[in-house]
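input_33.txt (compact mmCIF, C-alpha atoms) appears below.
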# COMPACT_ATOMS: atom_id res chain seq x y z
CA MET A 1 111.56 -23.93 -52.02
CA GLN A 2 109.85 -27.19 -52.91
CA LEU A 3 112.09 -29.04 -50.42
CA LYS A 4 111.17 -26.58 -47.64
CA SER A 5 107.48 -26.95 -48.46
CA HIS A 6 107.79 -30.72 -48.39
CA TYR A 7 109.54 -30.55 -44.97
CA PHE A 8 106.77 -28.45 -43.43
CA LYS A 9 104.16 -30.80 -44.87
CA ILE A 10 105.85 -33.81 -43.23
CA LEU A 11 106.20 -31.89 -39.93
CA PHE A 12 102.50 -30.90 -40.01
CA LEU A 13 101.38 -34.48 -40.65
CA SER A 14 103.63 -35.73 -37.87
CA ILE A 15 102.14 -33.24 -35.39
CA CYS A 16 98.64 -34.19 -36.47
CA SER A 17 99.42 -37.87 -36.04
CA LEU A 18 100.88 -37.21 -32.60
CA GLY A 19 97.78 -35.23 -31.66
CA SER A 20 95.52 -38.05 -32.80
CA LEU A 21 97.59 -40.56 -30.87
CA THR A 22 97.45 -38.37 -27.74
CA LEU A 23 93.70 -37.93 -28.13
CA SER A 24 93.25 -41.65 -28.70
CA CYS A 25 95.30 -42.48 -25.61
CA SER A 26 93.29 -39.93 -23.66
CA TRP A 27 90.04 -41.59 -24.71
CA ASP A 28 91.45 -45.01 -23.86
CA ARG A 29 92.26 -43.82 -20.34
CA PHE A 30 88.84 -42.18 -20.01
CA VAL A 31 86.97 -45.30 -21.09
CA LEU A 32 89.10 -47.55 -18.87
CA SER A 33 88.52 -45.22 -15.94
CA ARG A 34 84.76 -45.19 -16.46
CA VAL A 35 84.56 -48.98 -16.83
CA ASN A 36 86.63 -49.47 -13.66
CA GLU A 37 84.53 -46.94 -11.77
CA SER A 38 81.22 -48.46 -12.89
CA THR A 39 82.39 -52.00 -12.10
CA THR A 40 83.65 -50.98 -8.66
CA VAL A 41 80.46 -49.09 -7.78
CA LYS A 42 78.29 -52.04 -8.78
CA ALA A 43 80.48 -54.56 -6.96
CA ASN A 44 80.45 -52.47 -3.77
CA ALA A 45 76.67 -52.00 -3.97
CA ALA A 46 76.14 -55.74 -4.43
CA LYS A 47 78.45 -56.56 -1.52
CA GLU A 48 76.61 -54.14 0.75
CA LEU A 49 73.06 -55.09 -0.24
CA LEU A 50 73.62 -58.85 -0.34
CA ALA A 51 75.37 -59.07 3.01
CA LYS A 52 74.15 -61.82 5.31
CA ASP A 53 72.10 -60.97 8.40
CA LYS A 54 71.02 -57.62 7.00
CA ILE A 55 67.78 -56.12 5.66
CA THR A 56 67.57 -53.21 3.23
CA ILE A 57 64.41 -51.91 1.57
CA VAL A 58 64.78 -50.02 -1.71
CA LEU A 59 61.71 -48.29 -3.14
CA THR A 60 62.46 -48.97 -6.79
CA GLY A 61 59.20 -47.38 -7.99
CA THR A 62 56.61 -45.36 -6.06
CA GLY A 63 54.30 -44.27 -8.88
CA SER A 64 50.80 -45.26 -9.95
CA PRO A 65 48.95 -45.45 -13.30
CA LEU A 66 48.41 -41.68 -13.21
CA PRO A 67 51.12 -39.66 -15.02
CA SER A 68 53.93 -38.54 -12.72
CA GLU A 69 57.70 -38.26 -12.48
CA SER A 70 57.87 -41.56 -10.58
CA ILE A 71 58.57 -45.05 -11.87
CA GLN A 72 55.54 -47.32 -11.51
CA ASN A 73 55.19 -49.47 -8.42
CA SER A 74 57.95 -51.78 -7.23
CA THR A 75 59.80 -52.52 -3.99
CA ALA A 76 63.08 -54.39 -3.60
CA ILE A 77 63.89 -56.11 -0.32
CA PHE A 78 67.40 -57.39 0.32
CA VAL A 79 67.33 -59.81 3.22
CA ASN A 80 70.03 -62.21 4.40
CA GLY A 81 71.78 -62.16 1.02
CA GLN A 82 68.58 -62.60 -1.00
CA PHE A 83 67.14 -60.14 -3.54
CA LEU A 84 63.34 -60.23 -3.49
CA LEU A 85 61.36 -57.94 -5.78
CA PHE A 86 57.72 -57.05 -5.14
CA ASP A 87 55.85 -55.92 -8.28
CA ALA A 88 57.47 -54.61 -11.45
CA GLY A 89 55.68 -51.64 -12.97
CA ASP A 90 56.75 -49.78 -16.07
CA GLY A 91 60.36 -48.55 -16.02
CA VAL A 92 61.51 -50.64 -13.06
CA ALA A 93 64.17 -52.70 -14.86
CA MET A 94 66.25 -49.71 -15.96
CA ALA A 95 65.54 -47.87 -12.71
CA MET A 96 67.15 -50.73 -10.77
CA GLU A 97 70.25 -50.58 -12.96
CA LYS A 98 70.55 -46.81 -12.48
CA LEU A 99 70.38 -47.44 -8.73
CA HIS A 100 73.25 -49.95 -9.12
CA LEU A 101 71.17 -52.78 -7.71
CA PRO A 102 72.62 -56.28 -8.35
CA VAL A 103 69.94 -57.22 -10.88
CA SER A 104 71.65 -60.49 -11.81
CA GLU A 105 71.05 -61.68 -8.23
CA ILE A 106 67.24 -61.42 -8.25
CA GLY A 107 65.98 -64.72 -6.92
CA ALA A 108 62.23 -64.15 -6.72
CA VAL A 109 59.58 -61.72 -7.93
CA PHE A 110 56.23 -61.37 -6.16
CA ILE A 111 53.24 -59.92 -8.04
CA THR A 112 50.36 -58.48 -6.02
CA HIS A 113 47.70 -58.26 -8.74
CA PHE A 114 47.13 -57.84 -12.45
CA HIS A 115 46.93 -54.10 -13.01
CA SER A 116 49.64 -53.20 -15.50
CA ASP A 117 51.35 -50.64 -13.25
CA HIS A 118 52.37 -53.61 -11.08
CA PHE A 119 53.64 -55.99 -13.78
CA ALA A 120 54.30 -54.07 -17.03
CA ASP A 121 58.10 -54.43 -16.77
CA LEU A 122 58.16 -58.04 -15.61
CA GLY A 123 59.42 -59.24 -19.00
CA GLU A 124 62.32 -56.78 -18.85
CA VAL A 125 63.15 -57.73 -15.26
CA ILE A 126 63.34 -61.39 -16.29
CA ASP A 127 65.35 -60.64 -19.43
CA ARG A 128 67.73 -58.01 -18.03
CA SER A 129 68.61 -60.11 -14.99
CA TRP A 130 69.70 -62.86 -17.40
CA LEU A 131 71.53 -60.51 -19.79
CA LEU A 132 73.45 -59.04 -16.87
CA GLY A 133 74.63 -62.44 -15.69
CA ARG A 134 71.95 -64.25 -13.71
CA GLN A 135 72.98 -67.91 -13.44
CA LYS A 136 70.28 -69.27 -11.18
CA PRO A 137 66.57 -69.94 -11.51
CA LEU A 138 64.13 -67.06 -11.20
CA THR A 139 60.66 -67.74 -9.81
CA VAL A 140 57.70 -65.37 -10.11
CA TYR A 141 55.17 -65.81 -7.32
CA GLY A 142 51.62 -64.57 -7.43
CA PRO A 143 47.93 -65.40 -7.17
CA LYS A 144 46.02 -67.40 -9.77
CA GLY A 145 46.80 -65.97 -13.20
CA VAL A 146 50.52 -65.40 -12.66
CA THR A 147 51.37 -68.48 -14.75
CA ASP A 148 49.54 -67.03 -17.75
CA LEU A 149 51.30 -63.71 -17.16
CA VAL A 150 54.77 -65.27 -17.04
CA ASN A 151 54.12 -67.56 -20.00
CA GLY A 152 52.93 -64.59 -22.03
CA PHE A 153 56.18 -62.74 -21.41
CA LEU A 154 58.27 -65.84 -22.11
CA LYS A 155 56.54 -66.33 -25.44
CA SER A 156 57.05 -62.72 -26.48
CA TYR A 157 60.75 -62.89 -25.52
CA GLN A 158 61.53 -66.29 -27.05
CA SER A 159 63.31 -64.83 -30.10
CA GLU A 160 65.26 -62.45 -27.86
CA TYR A 161 66.52 -65.37 -25.77
CA TYR A 162 67.44 -67.39 -28.87
CA TYR A 163 69.39 -64.63 -30.63
CA ARG A 164 71.29 -63.54 -27.53
CA THR A 165 72.65 -67.05 -26.97
CA LYS A 166 73.27 -67.63 -30.66
CA HIS A 167 75.29 -64.41 -30.90
CA HIS A 168 77.27 -64.55 -27.65
CA GLY A 169 77.39 -68.30 -27.04
CA GLU A 170 76.37 -70.54 -24.18
CA SER A 171 79.35 -69.54 -22.03
CA VAL A 172 78.19 -65.90 -21.95
CA MET A 173 74.41 -66.33 -22.33
CA PRO A 174 73.65 -69.80 -20.95
CA SER A 175 70.21 -70.76 -22.18
CA GLN A 176 69.49 -72.84 -19.07
CA TRP A 177 69.00 -69.62 -17.04
CA LYS A 178 66.87 -67.69 -19.49
CA GLY A 179 63.27 -66.84 -18.64
CA ALA A 180 61.55 -67.70 -15.39
CA LYS A 181 59.11 -70.13 -13.86
CA SER A 182 55.89 -69.31 -12.03
CA ASN A 183 54.54 -70.35 -8.66
CA GLU A 184 50.83 -69.75 -8.20
CA PHE A 185 49.04 -69.71 -4.88
CA SER A 186 45.49 -69.07 -3.69
CA PRO A 187 45.14 -66.61 -0.80
CA LYS A 188 42.93 -67.71 2.09
CA SER A 189 39.51 -66.04 1.92
CA ASP A 190 39.38 -65.56 5.70
CA GLY A 191 42.28 -63.12 5.53
CA SER A 192 44.82 -65.40 7.18
CA SER A 193 48.22 -65.75 5.57
CA LYS A 194 50.07 -68.70 4.08
CA ILE A 195 53.77 -69.33 3.59
CA ILE A 196 54.69 -69.10 -0.09
CA TYR A 197 58.49 -68.70 0.13
CA GLU A 198 61.02 -69.91 2.67
CA LYS A 199 64.80 -69.88 2.38
CA ASP A 200 67.69 -69.55 4.86
CA GLY A 201 65.46 -68.16 7.60
CA VAL A 202 63.62 -65.74 5.33
CA VAL A 203 59.87 -66.36 5.16
CA VAL A 204 57.36 -64.64 2.84
CA TYR A 205 53.64 -64.94 3.50
CA GLY A 206 50.85 -64.10 1.05
CA PHE A 207 47.43 -62.87 2.09
CA PHE A 208 44.18 -61.63 0.53
CA VAL A 209 43.51 -57.88 0.15
CA ASN A 210 40.35 -56.11 -0.95
CA HIS A 211 40.87 -54.49 -4.36
CA GLU A 212 37.45 -55.43 -5.72
CA PRO A 213 36.59 -55.88 -8.57
CA VAL A 214 40.25 -56.87 -9.08
CA GLU A 215 40.43 -60.41 -7.78
CA PRO A 216 42.69 -62.06 -6.89
CA ALA A 217 44.74 -59.35 -5.22
CA VAL A 218 47.27 -60.04 -2.48
CA GLY A 219 49.69 -58.45 -0.07
CA TYR A 220 52.91 -59.94 1.30
CA ARG A 221 54.65 -60.11 4.67
CA VAL A 222 58.39 -60.73 4.91
CA GLU A 223 59.91 -62.00 8.17
CA TYR A 224 63.51 -62.56 9.19
CA LYS A 225 65.09 -62.77 12.65
CA GLY A 226 62.19 -61.12 14.43
CA LYS A 227 61.80 -58.27 11.92
CA SER A 228 58.70 -57.94 9.74
CA ILE A 229 57.73 -55.98 6.62
CA VAL A 230 54.30 -55.87 5.00
CA ILE A 231 53.71 -54.83 1.38
CA SER A 232 50.06 -53.89 0.98
CA GLY A 233 49.69 -54.05 -2.78
CA ASP A 234 46.63 -52.09 -3.91
CA THR A 235 43.76 -52.31 -1.45
CA ALA A 236 40.77 -50.57 0.00
CA ASN A 237 40.62 -50.12 3.75
CA SER A 238 40.12 -53.60 5.22
CA GLU A 239 40.42 -55.73 8.30
CA PHE A 240 42.59 -58.12 6.26
CA LEU A 241 45.40 -55.58 5.92
CA LYS A 242 45.03 -54.52 9.56
CA LYS A 243 45.27 -58.12 10.77
CA GLN A 244 48.38 -58.87 8.69
CA SER A 245 50.04 -55.58 9.69
CA PHE A 246 49.57 -55.97 13.42
CA GLY A 247 52.78 -55.08 15.22
CA VAL A 248 54.95 -55.07 12.08
CA ASP A 249 58.14 -53.06 11.96
CA TYR A 250 57.41 -51.60 8.52
CA LEU A 251 54.19 -51.34 6.52
CA ILE A 252 54.84 -50.31 2.92
CA SER A 253 51.43 -49.16 1.79
CA GLU A 254 49.70 -47.52 -1.10
CA VAL A 255 47.67 -44.42 -0.25
CA MET A 256 45.15 -42.05 -1.82
CA ASN A 257 43.93 -38.66 -0.70
CA LYS A 258 40.31 -39.19 -1.70
CA SER A 259 39.24 -35.60 -1.08
CA MET A 260 41.79 -34.44 -3.67
CA ILE A 261 40.74 -37.08 -6.19
CA ALA A 262 37.10 -36.05 -5.62
CA LYS A 263 38.13 -32.51 -6.58
CA VAL A 264 39.76 -33.88 -9.74
CA GLU A 265 36.54 -35.78 -10.47
CA LYS A 266 34.50 -32.57 -10.14
CA ALA A 267 36.94 -30.67 -12.33
CA TYR A 268 36.53 -33.20 -15.15
CA GLU A 269 32.77 -33.09 -14.68
CA SER A 270 32.80 -29.29 -14.97
CA ILE A 271 34.52 -29.45 -18.37
CA ASN A 272 32.13 -32.17 -19.57
CA HIS A 273 34.64 -35.01 -19.72
CA PRO A 274 32.48 -38.03 -18.71
CA ARG A 275 35.17 -40.68 -19.29
CA PHE A 276 37.74 -39.24 -16.89
CA THR A 277 34.97 -38.19 -14.49
CA LYS A 278 33.91 -41.83 -14.23
CA ILE A 279 37.49 -43.07 -13.81
CA MET A 280 38.23 -40.59 -11.02
CA LYS A 281 35.04 -41.61 -9.26
CA ASP A 282 35.69 -45.34 -9.60
CA ILE A 283 39.27 -45.36 -8.34
CA GLN A 284 38.17 -43.93 -4.98
CA LEU A 285 36.32 -47.18 -4.30
CA TYR A 286 39.28 -49.58 -4.16
CA HIS A 287 42.15 -47.60 -2.66
CA ILE A 288 42.82 -46.68 0.96
CA ASP A 289 42.45 -43.04 1.99
CA ALA A 290 45.22 -41.25 3.91
CA THR A 291 43.08 -40.86 7.04
CA GLU A 292 41.87 -44.47 6.81
CA LEU A 293 45.48 -45.63 6.52
CA GLY A 294 46.51 -43.55 9.52
CA ILE A 295 43.75 -45.10 11.64
CA LEU A 296 44.56 -48.62 10.44
CA THR A 297 48.28 -48.29 11.24
CA GLU A 298 47.54 -46.82 14.67
CA GLU A 299 45.11 -49.60 15.56
CA ALA A 300 47.50 -52.24 14.20
CA LYS A 301 50.38 -50.78 16.25
CA VAL A 302 52.60 -50.49 13.16
CA LYS A 303 56.01 -49.10 14.10
CA THR A 304 56.88 -47.40 10.79
CA LEU A 305 54.58 -46.57 7.87
CA VAL A 306 56.18 -46.14 4.44
CA LEU A 307 54.06 -44.50 1.74
CA THR A 308 54.28 -45.60 -1.88
CA HIS A 309 51.92 -45.61 -4.91
CA MET A 310 50.63 -42.19 -3.79
CA ILE A 311 47.58 -40.82 -5.58
CA PRO A 312 47.77 -38.00 -6.45
CA PHE A 313 51.49 -37.51 -7.02
CA VAL A 314 52.70 -34.37 -5.27
CA LYS A 315 55.98 -32.47 -5.06
CA GLY A 316 57.49 -30.33 -2.36
CA TYR A 317 57.15 -30.03 1.39
CA ILE A 318 53.94 -27.99 1.50
CA GLN A 319 51.90 -30.28 -0.78
CA THR A 320 53.25 -33.45 0.81
CA LYS A 321 52.51 -32.17 4.29
CA ALA A 322 48.96 -31.07 3.49
CA ILE A 323 47.91 -34.07 1.38
CA TYR A 324 49.64 -36.95 3.17
CA LYS A 325 51.54 -36.07 6.34
CA ASP A 326 48.89 -34.05 8.17
CA PRO A 327 45.91 -36.40 7.75
CA ILE A 328 48.00 -39.48 8.63
CA LEU A 329 49.92 -38.06 11.59
CA LYS A 330 46.72 -36.64 13.04
CA VAL A 331 45.73 -40.22 13.94
CA PHE A 332 48.97 -42.27 13.66
CA HIS A 333 51.69 -41.86 16.26
CA GLY A 334 54.40 -44.08 14.81
CA ASP A 335 57.14 -43.12 12.36
CA LEU A 336 56.15 -42.00 8.86
CA ILE A 337 58.34 -42.18 5.75
CA ILE A 338 57.16 -40.48 2.56
CA GLY A 339 58.51 -42.73 -0.17
CA HIS A 340 60.28 -41.64 -3.33
CA ASP A 341 62.03 -43.53 -6.10
CA GLY A 342 65.39 -44.84 -4.90
CA LYS A 343 64.67 -44.38 -1.18
CA ARG A 344 66.69 -46.82 0.94
CA ILE A 345 65.67 -47.98 4.39
CA GLU A 346 68.11 -49.95 6.53
CA ILE A 347 66.54 -52.20 9.16
CA PRO A 348 68.86 -52.94 12.08
CA LEU A 349 68.84 -56.52 13.28
CA PRO A 350 69.13 -57.57 16.91
Would it be possible to restate this file's structure as structure tokens?
Amino acid sequence: MQLKSHYFKILFLSICSLGSLTLSCSWDRFVLSRVNESTTVKANAAKELLAKDKITIVLTGTGSPLPSESIQNSTAIFVNGQFLLFDAGDGVAMAMEKLHLPVSEIGAVFITHFHSDHFADLGEVIDRSWLLGRQKPLTVYGPKGVTDLVNGFLKSYQSEYYYRTKHHGESVMPSQWKGAKSNEFSPKSDGSSKIIYEKDGVVVYGFFVNHEPVEPAVGYRVEYKGKSIVISGDTANSEFLKKQSFGVDYLISEVMNKSMIAKVEKAYESINHPRFTKIMKDIQLYHIDATELGILTEEAKVKTLVLTHMIPFVKGYIQTKAIYKDPILKVFHGDLIIGHDGKRIEIPLP
């Protein structure tokens, strides 16, 4: 009886061990499959986006400082094998990774102004691009003040850089590529543009925009092989933006429906909330209204208008149509794209 009991005990343990081995092998295959899949997806995305003689816009963040489901403002432009990032609001670094963008290939970041929803994640963009394998210099361009901004992030991340290299070694985390350098420029007060970046046929111009009292504030224009893209940054309606947007293929612009924000202002006033009443009133002064934007793009002969940084944030066809589409398309007769996080726009080249 004892012998039989001992036999069944050995058999049970053997079956359990076999089950554990099978489960372990199953997990090994699962993990290997997921790693292969992830690596392949990222490699294919990088190959597609970084192809020469091609332009792809990715709206990495279309939000604003007001609470919404969107990542704060940021736009990635892939042009002739270069990865250029315009602004880096909160959440952008991880958003880019979820979109399978080749973060390690970022070559330049362009900051429009110093409201936090346009630079809050700059430190993470710099750090994550290095952690994920960047082995080239990263330059952050922007108006006066961008050097202080970059140096502030570098100082706060100095221990992070040190420990990563100490732990993984120079071969994996080469310290020569950590951090970033800044390149400051002063926009011309007459509204004309100046070249701030030029590489392999790709040219980026910087120009003054009116976001008073936020000064300096700039927009950017990207040109390559006869195609042009303007990024407005945050701006009130102005002749500067109209001049720089004249005839462009794509204008990526912020927009506000001021009549809706005025209603929000009145609502806060009705519940005796003076702080938010004042904020809602003030923000109407330095953003461009939907109707104003429609008129500007029509007069500037913009081919395609892309909306980002939309205030207020809306969801669904009915709200989007009433608050943004209708007032803009009433006066603008080009193509209109309502932006959302992750939206990709391919620009065919001649």
Using the file's own x, y and z axes, so that the box edges lie along x, y and z, what centre and edge lengths in Å (one decimal) does a box around every listed atom of region 33-52 of chain A get when 3 Å is added on each side? Give it as lines of an AutoDock Vina configuration file.
center_x = 80.8
center_y = -53.5
center_z = -5.8
size_x = 21.5
size_y = 22.6
size_z = 28.1
Contact residues around region 323-339 of chain A with only C-alpha atoms at 8 Å, ignoring same-chain residues under 2 positions, as a PyMOL selection string = chain A and resi 59+62+257+260+290-291+293-295+297-298+301-308+319-321+341+343
Could you please take those selected residues and save C-alpha atoms as a tab-separated table (two decimals), in the coordinates of the input?
chain	number	residue	atom	x	y	z
A	59	LEU	CA	61.71	-48.29	-3.14
A	62	THR	CA	56.61	-45.36	-6.06
A	257	ASN	CA	43.93	-38.66	-0.70
A	260	MET	CA	41.79	-34.44	-3.67
A	290	ALA	CA	45.22	-41.25	3.91
A	291	THR	CA	43.08	-40.86	7.04
A	293	LEU	CA	45.48	-45.63	6.52
A	294	GLY	CA	46.51	-43.55	9.52
A	295	ILE	CA	43.75	-45.10	11.64
A	297	THR	CA	48.28	-48.29	11.24
A	298	GLU	CA	47.54	-46.82	14.67
A	301	LYS	CA	50.38	-50.78	16.25
A	302	VAL	CA	52.60	-50.49	13.16
A	303	LYS	CA	56.01	-49.10	14.10
A	304	THR	CA	56.88	-47.40	10.79
A	305	LEU	CA	54.58	-46.57	7.87
A	306	VAL	CA	56.18	-46.14	4.44
A	307	LEU	CA	54.06	-44.50	1.74
A	308	THR	CA	54.28	-45.60	-1.88
A	319	GLN	CA	51.90	-30.28	-0.78
A	320	THR	CA	53.25	-33.45	0.81
A	321	LYS	CA	52.51	-32.17	4.29
A	341	ASP	CA	62.03	-43.53	-6.10
A	343	LYS	CA	64.67	-44.38	-1.18
May I have the protein, DNA and RNA residues with an atom at most 6 Å from (67.7, -67.9, -22.4), counting only C-alpha atoms in the file's coordinates, returned as an NGL selection string?
-> :A and (161 or 175 or 177-179)
Using all atoms listed in the file, the best pick from A:Pro312, A:Pro137, A:Gly233, A:Pro102 as closest to Ala45 (chain A) would be A:Pro102
List the neighbours of region 237-254 of chain A out to 8 Å using all atoms listed in the file; skip same-chain residues closer than 2 positions along the sequence, and give me the result as a JSON list (two decimals) with C-alpha atoms, keeping the file's coordinate frame.
[["chain", "number", "residue", "atom", "x", "y", "z"],
["A", 191, "GLY", "CA", 42.28, -63.12, 5.53],
["A", 192, "SER", "CA", 44.82, -65.40, 7.18],
["A", 193, "SER", "CA", 48.22, -65.75, 5.57],
["A", 207, "PHE", "CA", 47.43, -62.87, 2.09],
["A", 208, "PHE", "CA", 44.18, -61.63, 0.53],
["A", 209, "VAL", "CA", 43.51, -57.88, 0.15],
["A", 210, "ASN", "CA", 40.35, -56.11, -0.95],
["A", 219, "GLY", "CA", 49.69, -58.45, -0.07],
["A", 221, "ARG", "CA", 54.65, -60.11, 4.67],
["A", 227, "LYS", "CA", 61.80, -58.27, 11.92],
["A", 228, "SER", "CA", 58.70, -57.94, 9.74],
["A", 229, "ILE", "CA", 57.73, -55.98, 6.62],
["A", 230, "VAL", "CA", 54.30, -55.87, 5.00],
["A", 231, "ILE", "CA", 53.71, -54.83, 1.38],
["A", 232, "SER", "CA", 50.06, -53.89, 0.98],
["A", 233, "GLY", "CA", 49.69, -54.05, -2.78],
["A", 234, "ASP", "CA", 46.63, -52.09, -3.91],
["A", 235, "THR", "CA", 43.76, -52.31, -1.45],
["A", 256, "MET", "CA", 45.15, -42.05, -1.82],
["A", 287, "HIS", "CA", 42.15, -47.60, -2.66],
["A", 288, "ILE", "CA", 42.82, -46.68, 0.96],
["A", 289, "ASP", "CA", 42.45, -43.04, 1.99],
["A", 292, "GLU", "CA", 41.87, -44.47, 6.81],
["A", 293, "LEU", "CA", 45.48, -45.63, 6.52],
["A", 296, "LEU", "CA", 44.56, -48.62, 10.44],
["A", 297, "THR", "CA", 48.28, -48.29, 11.24],
["A", 299, "GLU", "CA", 45.11, -49.60, 15.56],
["A", 300, "ALA", "CA", 47.50, -52.24, 14.20],
["A", 301, "LYS", "CA", 50.38, -50.78, 16.25],
["A", 302, "VAL", "CA", 52.60, -50.49, 13.16],
["A", 303, "LYS", "CA", 56.01, -49.10, 14.10],
["A", 304, "THR", "CA", 56.88, -47.40, 10.79],
["A", 305, "LEU", "CA", 54.58, -46.57, 7.87],
["A", 306, "VAL", "CA", 56.18, -46.14, 4.44],
["A", 307, "LEU", "CA", 54.06, -44.50, 1.74],
["A", 308, "THR", "CA", 54.28, -45.60, -1.88],
["A", 309, "HIS", "CA", 51.92, -45.61, -4.91],
["A", 310, "MET", "CA", 50.63, -42.19, -3.79]]
Residues of region 89-183 of chain A that approach region 202-206 of chain A to 12 Å or less, counting all atoms listed in the file: could you list each one with the shortest pair of atoms and its distance in Å to one decimal, rows by chain and increasing residue number, as JSON lines?
{"residue": "A:Ala108", "atom": "CA", "partner": "A:Val204", "partner_atom": "CA", "distance": 10.7}
{"residue": "A:Val109", "atom": "CA", "partner": "A:Val204", "partner_atom": "CA", "distance": 11.4}
{"residue": "A:Phe110", "atom": "CA", "partner": "A:Gly206", "partner_atom": "CA", "distance": 9.4}
{"residue": "A:Ile111", "atom": "CA", "partner": "A:Gly206", "partner_atom": "CA", "distance": 10.3}
{"residue": "A:Thr112", "atom": "CA", "partner": "A:Gly206", "partner_atom": "CA", "distance": 9.0}
{"residue": "A:His113", "atom": "CA", "partner": "A:Gly206", "partner_atom": "CA", "distance": 11.8}
{"residue": "A:Tyr141", "atom": "CA", "partner": "A:Gly206", "partner_atom": "CA", "distance": 9.6}
{"residue": "A:Gly142", "atom": "CA", "partner": "A:Gly206", "partner_atom": "CA", "distance": 8.5}
{"residue": "A:Pro143", "atom": "CA", "partner": "A:Gly206", "partner_atom": "CA", "distance": 8.8}
Kindly export the residues of the current selection with C-alpha atoms, as a tab-separated table (two decimals), in the coordinates of the input.
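Contents of out02.tsv, freshly written:
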chain	number	residue	atom	x	y	z
A	108	ALA	CA	62.23	-64.15	-6.72
A	109	VAL	CA	59.58	-61.72	-7.93
A	110	PHE	CA	56.23	-61.37	-6.16
A	111	ILE	CA	53.24	-59.92	-8.04
A	112	THR	CA	50.36	-58.48	-6.02
A	113	HIS	CA	47.70	-58.26	-8.74
A	141	TYR	CA	55.17	-65.81	-7.32
A	142	GLY	CA	51.62	-64.57	-7.43
A	143	PRO	CA	47.93	-65.40	-7.17
Have a look at CA of Gly81 (chain A) and CA of Gly107 (chain A) and let me know their distance in Å, one decimal.
->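 So the two atoms, CA of Gly81 (chain A) and CA of Gly107 (chain A), lie 10.2 Å apart.
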What does the distance between CA of Gly123 (chain A) and CA of Val140 (chain A) come to in Å, to one decimal place?
->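 So the two atoms, CA of Gly123 (chain A) and CA of Val140 (chain A), lie 10.9 Å apart.
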Which one is closest to Gln158 (chain A): A:Phe83, A:Ala217, A:Thr60, A:Ile126? Count only C-alpha atoms.
->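 Nearest candidate to Gln158 (chain A) out of A:Phe83, A:Ala217, A:Thr60, A:Ile126: A:Ile126.
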Point out the residue among A:Ile57, A:Ala236, A:Ala180, A:Ile311 with the least atom-to-atom distance to Ala262 (chain A), counting all atoms listed in the file.
->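 Of the candidates, the smallest distance to Ala262 (chain A) is held by A:Ile311.
From CA of Ala93 (chain A) back to CA of Leu32 (chain A), the distance works out to 25.8 Å.
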Of A:Leu50, A:Val150, A:Met96, A:Ile261, the one sitting nearest Leu122 (chain A) when using only C-alpha atoms is A:Val150
Between A:His115, A:Lys136, A:Lys315, A:His211, single out the one closest to Gln72 (chain A), counting only C-alpha atoms.
->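 Among the listed residues, A:His115 lies closest to Gln72 (chain A).
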Taking into account all atoms listed in the file, which residue in the set A:Ile195, A:Leu99, A:Leu84, A:Met173 is nearest to Trp130 (chain A)?
-> A:Met173
